[in-house]
Amino acid sequence: MAATATNRRVVLKEYVEGYPREEHMELLPATEIPLHLTSDNPPGSVLVRNLCLSCDPYMRLKMSRPLRASYTDGFVPGSVITGYGVARVVDSSDPRLSPGDLVWGITGWEDYSVVKPPVTAFLSKISHAGEGGVPLSYYTGILGMPGLTAYVGFHEICAPKAGETVFVSAASGAVGQLVGQFARLAGCRVVGSAGSAEKVELLKSKFGFHDAFNYKEEPDLAAALARCFPEGIDIYFENVGGAMLDAVLLNMRAHGRIAVCGLISQYNLKSGEWDAVRNISAVIGKRLRVEGFLEPDHKHLYPKYEEWVLPYIRDGTIAYVEDVAEGLESAPKALVGLFHGRNVGKQLVRIANDE
């Protein structure tokens with residue numbers, strides 16, 4: 001008799017307007033599935049057992065009713081939520097992958113997923129988990145999409161020079177905590193913003209930021225930035241948007257660079273309610289370079305990044321903080337918490353141990 005397993009799935013119940021709530025998602029009862037690929041799975045498919053799931057801000061955009069073309073397909077009510085994760089291959093018709101391989105990439109919020117082409121192209125084999133203090137969960141963060149995002153945005157787009165000044169918003173998150181440490185290693189002076197005293201202290205004591213502030217306690221963000229950067233900002237790593245971006249534009253130095261990674265302050269606003277950028281003329285007067293980017297466009301740089309960052313992880317030069325929720329049933333609450341600042345560090349969900 002062919003082996004089977006039970007599979008639980010988290011689906012989107014309805015499109016979201018405003019802040020997402022746990023009720024917008026549903027954990028369905030377990031169903032029995034075969035532990036092998038079936039004839040209706042196209043060639044190149046991979047069956048995986050999911051181990052860790054990543055909660056990321058971009059997922060909020062996929063929960064809204066699609067109103068225009070986007071770089072990524074939205075979630076469909078009634079269908080399983082998808083995102084980055086870490087998994088072990090159970091069965092594979094992809095010649096790159098074999099049963100037993102550990103992988104990271106796009107998978108489903110469920111115990112087991114069949115990943116089909118072309119999405120299988122985003123599954124990458126894991127080679128270094130467990131070696132020299134490298135936890136498997138790091139492939140949802142520092143060794144996964146957030147890590148490559150931080151590396152590309154800072155090193156490739158912003159091209160830092162020693163002695164420059166760097167500001168990072170949402171600096172204690174999955175990407176921001178890395179950008180700050182990359183800036184310090186590059187010989188830059190780096191300041192970050194976060195939403196609590198605990199997170200501000202973490203930036204300075206754990207991640208080595210030269211200074212940090214709680215944006216919730218600053219009545220005038222432009223004045224706060226002027227205090228931290230009396231001679232202006234050379235590089236801004238943008239994770240927030242809205243009022244913070246407007247304040248930064250006033251404090252940028254001539255020929256500064258802004259890497260636009262995310263706009264989390266805007267994601268829960270209804271269509272047409274996004275904050276206007278009132279100081280956009282500074283881009284002209286200060287000859288600023290502002291560039292948005294997506295991590296999938298830079299996958300070819302991952303081997304270079306992994307080779308560069310692994311020694312820093314192993315010798316403790318770079319620290320990484322994770323906020324781990326346990327169990328698939330906790331995934332909706334963990335994702336919702338991102339948009340209320342409840343997480344400290346990279347938010348992930350561990351749904352199974354690697355046995």
# chains A, B, ... in the order shown; residues from 1 in each chain; ligands from 1
call {"tool": "residues_around", "arguments": {"residues": "Cys55 (chain A)", "least_positions_apart": "4", "cutoff": "7 Å", "atoms": "only C-alpha atoms", "output": "number ranges by chain"}}
result
A: 335, 347-348
call {"tool": "residues_around", "arguments": {"residues": "region 71-84 of chain A", "least_positions_apart": "6", "cutoff": "9 Å", "atoms": "only C-alpha atoms", "output": "PyMOL selection string"}}
result
chain A and resi 9-15+25-26+52-56+59+61-65+104-110+140+144-145+294
call {"tool": "closest_residue", "arguments": {"among": "A:Ala30, A:Ala171, A:Val309, A:Ile233", "to": "Val321 (chain A)", "atoms": "only C-alpha atoms"}}
result
A:Ala171
call {"tool": "select_by_dssp", "arguments": {"residues": "region 85-177 of chain A", "states": "alpha helix (DSSP H)", "output": "list in words"}}
result
Met145, Pro146, Gly147, Leu148, Thr149, Ala150, Tyr151, Gly176 and Gln177 of chain A
call {"tool": "closest_residue", "arguments": {"among": "A:Ala174, A:Ile258, A:Leu102, A:Val89", "to": "Ala150 (chain A)", "atoms": "only C-alpha atoms"}}
result
A:Ala174
call {"tool": "select_by_dssp", "arguments": {"residues": "region 172-276 of chain A", "states": "strand (DSSP E or B)", "output": "PyMOL selection string"}}
result
chain A and resi 189-194+211-214+233-238+252-260
call {"tool": "write_last_selection", "arguments": {"atoms": "C-alpha atoms", "output": "short mmCIF file (atom, residue, chain, number, x, y, z; two decimals), in the first residue's frame"}}
result
data_model
loop_
_atom_site.label_atom_id
_atom_site.label_comp_id
_atom_site.auth_asym_id
_atom_site.auth_seq_id
_atom_site.Cartn_x
_atom_site.Cartn_y
_atom_site.Cartn_z
CA ARG A 189 28.03 55.29 10.17
CA VAL A 190 24.56 53.74 10.47
CA VAL A 191 21.43 54.83 12.31
CA GLY A 192 18.15 52.93 12.47
CA SER A 193 14.56 53.55 13.45
CA ALA A 194 12.23 51.09 15.16
CA ASP A 211 22.54 55.27 16.95
CA ALA A 212 18.82 54.53 16.80
CA PHE A 213 15.50 56.13 17.70
CA ASN A 214 11.89 55.15 18.34
CA ILE A 233 22.26 61.11 4.86
CA ASP A 234 24.21 59.50 2.01
CA ILE A 235 22.25 56.23 1.83
CA TYR A 236 18.69 55.45 2.84
CA PHE A 237 17.43 51.86 2.88
CA GLU A 238 13.69 52.31 2.55
CA MET A 252 19.50 63.53 2.16
CA ARG A 253 22.87 64.81 0.99
CA ALA A 254 23.52 65.70 -2.63
CA HIS A 255 24.03 62.62 -4.82
CA GLY A 256 22.57 60.35 -2.15
CA ARG A 257 21.11 56.94 -2.94
CA ILE A 258 17.80 55.44 -1.84
CA ALA A 259 17.09 51.71 -2.24
CA VAL A 260 13.33 51.18 -2.06
#
call {"tool": "atom_distance", "arguments": {"atom1": "CA of Pro230 (chain A)", "atom2": "CA of Trp274 (chain A)"}}
result
29.7 Å
call {"tool": "residues_around", "arguments": {"residues": "Gly242 (chain A)", "least_positions_apart": "3", "cutoff": "8 Å", "atoms": "only C-alpha atoms", "output": "CSV table (one decimal) with C-alpha atoms, in the first residue's frame"}}
result
chain,number,residue,atom,x,y,z
A,245,LEU,CA,10.3,58.9,3.4
A,246,ASP,CA,9.2,62.5,3.3
A,263,LEU,CA,6.6,50.5,2.1
A,265,SER,CA,3.4,51.8,6.5
A,266,GLN,CA,1.2,51.9,3.4
A,274,TRP,CA,-1.6,56.0,0.3
A,275,ASP,CA,0.3,58.9,1.6
A,276,ALA,CA,1.6,61.5,-0.9
A,277,VAL,CA,5.3,62.1,-1.1
call {"tool": "closest_residue", "arguments": {"among": "A:Ser93, A:Thr6, A:Ser169, A:Asn268", "to": "Gly241 (chain A)", "atoms": "only C-alpha atoms"}}
result
A:Ser169
call {"tool": "residues_around", "arguments": {"residues": "region 195-198 of chain A", "least_positions_apart": "4", "cutoff": "8 Å", "atoms": "only C-alpha atoms", "output": "ChimeraX atom specification"}}
result
/A:170,202,214-216,341
call {"tool": "write_last_selection", "arguments": {"atoms": "N, CA and C atoms", "output": "PDB file, in the first residue's frame"}}
result
ATOM      1  N   ALA A 170      12.568  50.641   9.764  1.00  0.00           N
ATOM      2  CA  ALA A 170      12.176  49.275  10.145  1.00  0.00           C
ATOM      3  C   ALA A 170      13.426  48.434  10.365  1.00  0.00           C
ATOM      4  N   LEU A 202      18.053  46.913  21.007  1.00  0.00           N
ATOM      5  CA  LEU A 202      18.565  45.783  20.243  1.00  0.00           C
ATOM      6  C   LEU A 202      19.439  46.264  19.084  1.00  0.00           C
ATOM      7  N   ASN A 214      13.251  55.677  18.405  1.00  0.00           N
ATOM      8  CA  ASN A 214      11.886  55.153  18.343  1.00  0.00           C
ATOM      9  C   ASN A 214      11.039  56.185  17.604  1.00  0.00           C
ATOM     10  N   TYR A 215      10.634  55.864  16.390  1.00  0.00           N
ATOM     11  CA  TYR A 215       9.904  56.842  15.582  1.00  0.00           C
ATOM     12  C   TYR A 215       8.569  57.221  16.207  1.00  0.00           C
ATOM     13  N   LYS A 216       7.999  56.353  17.053  1.00  0.00           N
ATOM     14  CA  LYS A 216       6.717  56.641  17.690  1.00  0.00           C
ATOM     15  C   LYS A 216       6.833  57.743  18.735  1.00  0.00           C
ATOM     16  N   GLY A 341       3.856  45.418  14.566  1.00  0.00           N
ATOM     17  CA  GLY A 341       5.160  45.522  15.211  1.00  0.00           C
ATOM     18  C   GLY A 341       5.375  44.576  16.371  1.00  0.00           C
TER      19      GLY A 341
END
call {"tool": "residues_around", "arguments": {"residues": "Glu131 (chain A)", "least_positions_apart": "2", "cutoff": "12 Å", "atoms": "only C-alpha atoms", "output": "list of chain:residue names"}}
result
A:Ile126, A:Ser127, A:His128, A:Ala129, A:Gly133, A:Val134, A:Pro135, A:Leu136, A:Tyr138, A:Leu310, A:Pro311, A:Ile313, A:Arg314, A:Asp315
call {"tool": "closest_residue", "arguments": {"among": "A:Ala325, A:Val344, A:Ile33, A:Leu301", "to": "Ser137 (chain A)", "atoms": "only C-alpha atoms"}}
result
A:Ala325
call {"tool": "closest_residue", "arguments": {"among": "A:Thr149, A:Asn50, A:Asn279, A:Asn239", "to": "Val168 (chain A)", "atoms": "only C-alpha atoms"}}
result
A:Asn239
